[in-house]
Every structure is written in structure tokens, then in C-alpha cells.
>>> print(open('input32.cif').read())   # mmCIF, C-alpha atoms
data_my_file
loop_
_atom_site.group_PDB
_atom_site.id
_atom_site.type_symbol
_atom_site.label_atom_id
_atom_site.label_comp_id
_atom_site.auth_asym_id
_atom_site.auth_seq_id
_atom_site.Cartn_x
_atom_site.Cartn_y
_atom_site.Cartn_z
ATOM 1 C CA MET B 1 121.615 172.370 53.634
ATOM 2 C CA ASN B 2 124.319 170.693 51.662
ATOM 3 C CA TYR B 3 124.994 167.033 51.058
ATOM 4 C CA LEU B 4 127.602 166.792 53.817
ATOM 5 C CA ASP B 5 125.300 168.362 56.393
ATOM 6 C CA LYS B 6 122.581 165.834 55.544
ATOM 7 C CA ARG B 7 124.998 162.946 56.021
ATOM 8 C CA ILE B 8 126.200 164.290 59.358
ATOM 9 C CA ILE B 9 122.634 164.765 60.562
ATOM 10 C CA THR B 10 121.709 161.221 59.412
ATOM 11 C CA LEU B 11 124.731 159.725 61.154
ATOM 12 C CA PHE B 12 123.948 161.703 64.288
ATOM 13 C CA ALA B 13 120.308 160.455 64.226
ATOM 14 C CA ILE B 14 121.406 156.824 63.802
ATOM 15 C CA PHE B 15 123.976 157.174 66.569
ATOM 16 C CA THR B 16 121.352 158.721 68.858
ATOM 17 C CA ILE B 17 118.897 155.875 68.203
ATOM 18 C CA PHE B 18 121.474 153.156 68.924
ATOM 19 C CA THR B 19 122.843 154.804 72.024
ATOM 20 C CA ALA B 20 119.359 155.555 73.332
ATOM 21 C CA SER B 21 118.387 151.891 72.919
ATOM 22 C CA ALA B 22 121.486 150.769 74.746
ATOM 23 C CA VAL B 23 120.777 153.138 77.605
ATOM 24 C CA GLN B 24 117.211 151.837 77.994
ATOM 25 C CA ALA B 25 118.155 148.133 78.094
ATOM 26 C CA ALA B 26 118.648 146.462 81.463
ATOM 27 C CA THR B 27 118.860 142.919 82.837
ATOM 28 C CA VAL B 28 117.857 141.376 86.115
ATOM 29 C CA THR B 29 118.405 137.953 87.648
ATOM 30 C CA VAL B 30 115.378 136.358 89.327
ATOM 31 C CA PRO B 31 116.092 133.650 91.921
ATOM 32 C CA VAL B 32 114.171 130.389 91.405
ATOM 33 C CA THR B 33 113.424 127.856 94.164
ATOM 34 C CA ALA B 34 111.303 124.746 94.473
ATOM 35 C CA ALA B 35 110.579 122.751 97.601
ATOM 36 C CA VAL B 36 109.714 119.153 96.735
ATOM 37 C CA ALA B 37 107.853 117.072 99.297
ATOM 38 C CA ALA B 38 106.708 113.482 99.130
ATOM 39 C CA ALA B 39 103.053 112.584 98.774
ATOM 40 C CA THR B 40 101.978 111.195 102.121
ATOM 41 C CA LEU B 41 99.179 108.983 103.360
ATOM 42 C CA THR B 42 98.247 108.473 106.993
ATOM 43 C CA LEU B 43 95.922 105.611 107.918
ATOM 44 C CA THR B 44 94.048 105.295 111.199
ATOM 45 C CA SER B 45 91.847 102.363 112.200
ATOM 46 C CA THR B 46 88.653 103.922 113.571
ATOM 47 C CA ALA B 47 86.470 100.791 113.991
ATOM 48 C CA SER B 48 87.169 97.066 114.256
ATOM 49 C CA LEU B 49 85.582 94.545 111.909
ATOM 50 C CA ASP B 50 83.325 92.563 114.246
ATOM 51 C CA PHE B 51 81.415 89.486 113.110
ATOM 52 C CA GLY B 52 79.300 89.580 116.269
ATOM 53 C CA THR B 53 78.262 86.471 118.122
ATOM 54 C CA VAL B 54 78.009 83.403 115.913
ATOM 55 C CA ILE B 55 76.090 80.370 117.147
ATOM 56 C CA LYS B 56 77.655 77.491 115.243
ATOM 57 C CA GLY B 57 75.336 75.145 113.430
ATOM 58 C CA ALA B 58 74.631 71.655 114.693
ATOM 59 C CA THR B 59 75.201 70.002 111.323
ATOM 60 C CA THR B 60 76.511 72.553 108.776
ATOM 61 C CA ASN B 61 78.714 75.612 108.534
ATOM 62 C CA THR B 62 77.385 79.048 109.409
ATOM 63 C CA ASN B 63 78.517 81.718 106.960
ATOM 64 C CA VAL B 64 78.491 85.332 108.145
ATOM 65 C CA ASN B 65 78.765 88.222 105.691
ATOM 66 C CA ILE B 66 79.585 91.729 106.907
ATOM 67 C CA ASN B 67 79.252 94.193 104.028
ATOM 68 C CA ALA B 68 81.284 97.373 104.056
ATOM 69 C CA SER B 69 78.471 99.689 104.983
ATOM 70 C CA ALA B 70 79.463 102.038 107.756
ATOM 71 C CA GLY B 71 78.600 101.054 111.302
ATOM 72 C CA PRO B 72 76.509 98.350 112.950
ATOM 73 C CA VAL B 73 74.946 95.568 110.918
ATOM 74 C CA ALA B 74 71.199 96.198 110.926
ATOM 75 C CA THR B 75 70.184 92.808 109.537
ATOM 76 C CA PRO B 76 72.416 89.804 110.171
ATOM 77 C CA LEU B 77 73.565 88.266 106.891
ATOM 78 C CA PHE B 78 74.169 84.609 107.604
ATOM 79 C CA SER B 79 73.422 81.241 106.103
ATOM 80 C CA GLY B 80 73.628 77.689 107.398
ATOM 81 C CA SER B 81 72.173 75.962 110.431
ATOM 82 C CA GLY B 82 73.542 78.420 113.021
ATOM 83 C CA SER B 83 72.765 82.059 113.722
ATOM 84 C CA GLN B 84 74.478 85.388 114.205
ATOM 85 C CA THR B 85 73.757 88.597 116.144
ATOM 86 C CA GLY B 86 75.460 91.970 116.269
ATOM 87 C CA GLY B 87 78.605 92.924 114.453
ATOM 88 C CA ASN B 88 79.787 95.948 112.515
ATOM 89 C CA SER B 89 82.034 96.826 109.628
ATOM 90 C CA GLY B 90 85.530 98.081 110.293
ATOM 91 C CA ALA B 91 86.671 101.534 109.236
ATOM 92 C CA ILE B 92 89.933 103.180 108.255
ATOM 93 C CA ASN B 93 90.427 106.948 107.995
ATOM 94 C CA VAL B 94 92.756 108.024 105.161
ATOM 95 C CA VAL B 95 94.490 111.421 105.213
ATOM 96 C CA GLY B 96 96.580 112.494 102.224
ATOM 97 C CA ASN B 97 98.401 115.664 101.276
ATOM 98 C CA ILE B 98 97.286 115.467 97.623
ATOM 99 C CA ALA B 99 93.966 114.592 96.047
ATOM 100 C CA GLY B 100 93.963 111.516 93.835
ATOM 101 C CA ASN B 101 93.047 107.881 93.506
ATOM 102 C CA VAL B 102 94.453 105.309 95.896
ATOM 103 C CA SER B 103 94.545 101.546 95.538
ATOM 104 C CA ILE B 104 93.595 99.359 98.499
ATOM 105 C CA ALA B 105 94.879 95.850 99.247
ATOM 106 C CA PHE B 106 94.130 93.656 102.259
ATOM 107 C CA ALA B 107 96.004 90.854 104.012
ATOM 108 C CA VAL B 108 94.521 88.754 106.828
ATOM 109 C CA ALA B 109 96.401 86.972 109.612
ATOM 110 C CA GLY B 110 95.162 85.087 112.652
ATOM 111 C CA SER B 111 96.312 85.884 116.177
ATOM 112 C CA GLU B 112 98.982 83.187 115.889
ATOM 113 C CA GLY B 113 100.165 84.368 112.457
ATOM 114 C CA THR B 114 98.376 82.008 110.065
ATOM 115 C CA ALA B 115 97.234 83.741 106.884
ATOM 116 C CA ASN B 116 93.541 84.085 105.945
ATOM 117 C CA VAL B 117 92.053 82.783 109.201
ATOM 118 C CA LEU B 118 90.875 83.908 112.610
ATOM 119 C CA GLU B 119 92.466 81.850 115.351
ATOM 120 C CA ILE B 120 91.642 80.905 118.910
ATOM 121 C CA PHE B 121 94.748 81.241 121.065
ATOM 122 C CA GLY B 122 96.133 77.794 121.836
ATOM 123 C CA GLY B 123 93.280 76.104 119.981
ATOM 124 C CA THR B 124 93.375 73.597 117.184
ATOM 125 C CA THR B 125 90.651 74.980 114.912
ATOM 126 C CA ASP B 126 90.485 78.141 112.795
ATOM 127 C CA VAL B 127 87.734 80.210 111.225
ATOM 128 C CA PRO B 128 88.505 81.090 107.579
ATOM 129 C CA LEU B 129 88.543 84.779 106.604
ATOM 130 C CA ALA B 130 90.100 85.101 103.155
ATOM 131 C CA SER B 131 91.626 88.427 102.159
ATOM 132 C CA THR B 132 89.709 88.100 98.875
ATOM 133 C CA THR B 133 86.372 88.265 100.723
ATOM 134 C CA VAL B 134 87.644 91.283 102.659
ATOM 135 C CA GLY B 135 88.468 93.001 99.367
ATOM 136 C CA THR B 136 85.107 92.105 97.830
ATOM 137 C CA ASN B 137 83.086 93.243 100.857
ATOM 138 C CA SER B 138 85.021 96.468 101.523
ATOM 139 C CA THR B 139 85.212 99.906 99.918
ATOM 140 C CA THR B 140 86.105 99.405 96.281
ATOM 141 C CA SER B 141 89.584 100.079 94.938
ATOM 142 C CA PRO B 142 90.565 102.575 93.607
ATOM 143 C CA LEU B 143 89.156 105.146 96.000
ATOM 144 C CA ALA B 144 89.223 108.857 95.159
ATOM 145 C CA ILE B 145 90.494 110.825 98.156
ATOM 146 C CA THR B 146 90.559 114.557 98.791
ATOM 147 C CA VAL B 147 92.892 116.635 100.919
ATOM 148 C CA LEU B 148 89.978 117.951 103.002
ATOM 149 C CA GLY B 149 88.406 114.479 103.504
ATOM 150 C CA PRO B 150 86.719 112.701 105.032
ATOM 151 C CA ASN B 151 88.202 109.670 103.283
ATOM 152 C CA THR B 152 86.912 106.455 104.829
ATOM 153 C CA ILE B 153 87.551 102.867 103.845
ATOM 154 C CA ASN B 154 84.847 100.617 105.285
ATOM 155 C CA VAL B 155 86.003 97.036 105.845
ATOM 156 C CA GLY B 156 83.839 93.912 105.604
ATOM 157 C CA GLY B 157 84.340 90.217 104.954
ATOM 158 C CA VAL B 158 82.878 86.714 105.058
ATOM 159 C CA ILE B 159 83.631 84.015 107.614
ATOM 160 C CA SER B 160 82.556 80.421 107.513
ATOM 161 C CA VAL B 161 82.180 78.892 110.972
ATOM 162 C CA ALA B 162 82.280 75.088 110.793
ATOM 163 C CA ASN B 163 80.015 73.134 113.103
ATOM 164 C CA THR B 164 83.188 71.422 114.421
ATOM 165 C CA VAL B 165 85.141 74.508 115.606
ATOM 166 C CA GLU B 166 85.985 75.010 119.251
ATOM 167 C CA VAL B 167 83.845 77.452 121.211
ATOM 168 C CA GLY B 168 85.779 80.609 122.084
ATOM 169 C CA SER B 169 86.931 83.988 120.879
ATOM 170 C CA TYR B 170 88.653 83.960 117.490
ATOM 171 C CA THR B 171 90.885 86.891 116.613
ATOM 172 C CA GLY B 172 93.133 88.159 113.887
ATOM 173 C CA THR B 173 94.164 91.272 112.029
ATOM 174 C CA ILE B 174 93.554 92.801 108.646
ATOM 175 C CA THR B 175 96.437 94.802 107.228
ATOM 176 C CA ALA B 176 95.309 97.408 104.729
ATOM 177 C CA THR B 177 97.844 98.780 102.268
ATOM 178 C CA VAL B 178 96.868 102.039 100.555
ATOM 179 C CA LEU B 179 98.952 103.508 97.720
ATOM 180 C CA TYR B 180 98.617 106.550 95.504
ATOM 181 C CA GLN B 181 98.032 105.451 91.897
#
>>> encode(input="input32.cif", output="C-alpha cells")
Amino acid sequence: MNYLDKRIITLFAIFTIFTASAVQAATVTVPVTAAVAAATLTLTSTASLDFGTVIKGATTNTNVNINASAGPVATPLFSGSGSQTGGNSGAINVVGNIAGNVSIAFAVAGSEGTANVLEIFGGTTDVPLASTTVGTNSTTSPLAITVLGPNTINVGGVISVANTVEVGSYTGTITATVLYQ
């Protein structure tokens, strides 16, 4: 084999390698999509916060403490010259579409709109229920929730019934605000 034959064979081999590589190469386009949804929370009140029946004291205030344990109050927690029977903590069911920590904040309003009190409709006296005592006596914030649940916020609080309040039924609302952290 002469020098020219070797060069032709070498060129042919190089050409074959490059053309074979080009024949084996291919490209493809892959579609990409992403559906983005908002994190959601759904809250449902499942039990009312009930301070039970409070017998006001003859000379001093009667303080009633409902801790955020689930369900009826087994032992009345009161102080002062009056007494208290019954009552139960409130409860809120939390459903979320992602697991994570949520913060909890409370606001209290009486039936006639005054903040941090329970009110008797048309009456002149109120029973204090501060949102700070609701926060202290309720499920702690932050709360870790799961998608499968159950995720329950138990709601408690402290009222102070003065010996001078009118006899009657005092009402109000607690607004719970729950946010993903």
C-alpha cells in the first residue's frame, strides 16, 4: 500500500466517523407545563365558647377561666364571691391544601359591636372578654397543620363578671384569623 492509498483510507475513515456521528444525532422538544394554585385554608366553627352559667358575686367580681382543652369543662375554674357551672371550650376545624405552620389571631366583639366585651342586648353593662385572654387560653400559635388533618384550634378565654352587671344573657363573637407562615 503506497502513501497515497494510506491517505485516502485515512480520509475515508475520518469522513465515515463524522458522517456516522451526524446521522446518529437527533433532537426532541419536550413540552413543559406548571399549574400554580394558591394555598388555601378553610375554617369551620365546630363548637361555641360557652362560659356556662355564672352566678355573680354579692360583693366582688367573679372571674371564669375556660382553658382551651377540647369539650366540656370538667372542673369549673372561677374565683371571686360568685360561682359558675357548665361551659365548654370553642373549637375551629382548619383544612389546608398544604402542610405547614399557621399563625392564629383573635378579635372579640360584643353583640352590639363593642370590642373585647360580651354585651347584653339593650343593656347598659358589659362583661369583659379581652382578645389577649382568648389568645392565652386557646391553642398556641403557630400551629402545625397537615393536609390529612384533623387540625383543631380549641378556643378559651377569661371573663370577669362584676357584681354590678345586669342579669341576662351576654353574647358576642370571636373572629379567628389563621394565616400560613
>>> residues_around(input="input32.cif", residues="Gly86 of chain B", least_positions_apart="2", cutoff="7 Å", atoms="all atoms listed in the file", output="JSON list (two decimals) with C-alpha atoms, keeping the file's coordinate frame")
[["chain", "number", "residue", "atom", "x", "y", "z"],
["B", 52, "GLY", "CA", 79.30, 89.58, 116.27],
["B", 53, "THR", "CA", 78.26, 86.47, 118.12],
["B", 73, "VAL", "CA", 74.95, 95.57, 110.92],
["B", 84, "GLN", "CA", 74.48, 85.39, 114.20],
["B", 88, "ASN", "CA", 79.79, 95.95, 112.52]]
>>> residues_around(input="input32.cif", residues="Asn97 of chain B", least_positions_apart="6", cutoff="10 Å", atoms="all atoms listed in the file", output="PyMOL selection string")
chain B and resi 37-42+145-148
>>> resolve_selection(input="input32.cif", expression="the PyMOL selection byres ((chain B and resi 151) around 7)", output="PyMOL selection string")
chain B and resi 93-95+145+149-150+152-153
>>> atom_distance(input="input32.cif", atom1="atom CA of Thr177 of chain B", atom2="atom CA of Val102 of chain B")
9.7 Å
>>> atom_distance(input="input32.cif", atom1="atom CA of Ser89 of chain B", atom2="atom CA of Ser69 of chain B")
6.5 Å
>>> atom_distance(input="input32.cif", atom1="atom CA of Val108 of chain B", atom2="atom CA of Val134 of chain B")
8.4 Å
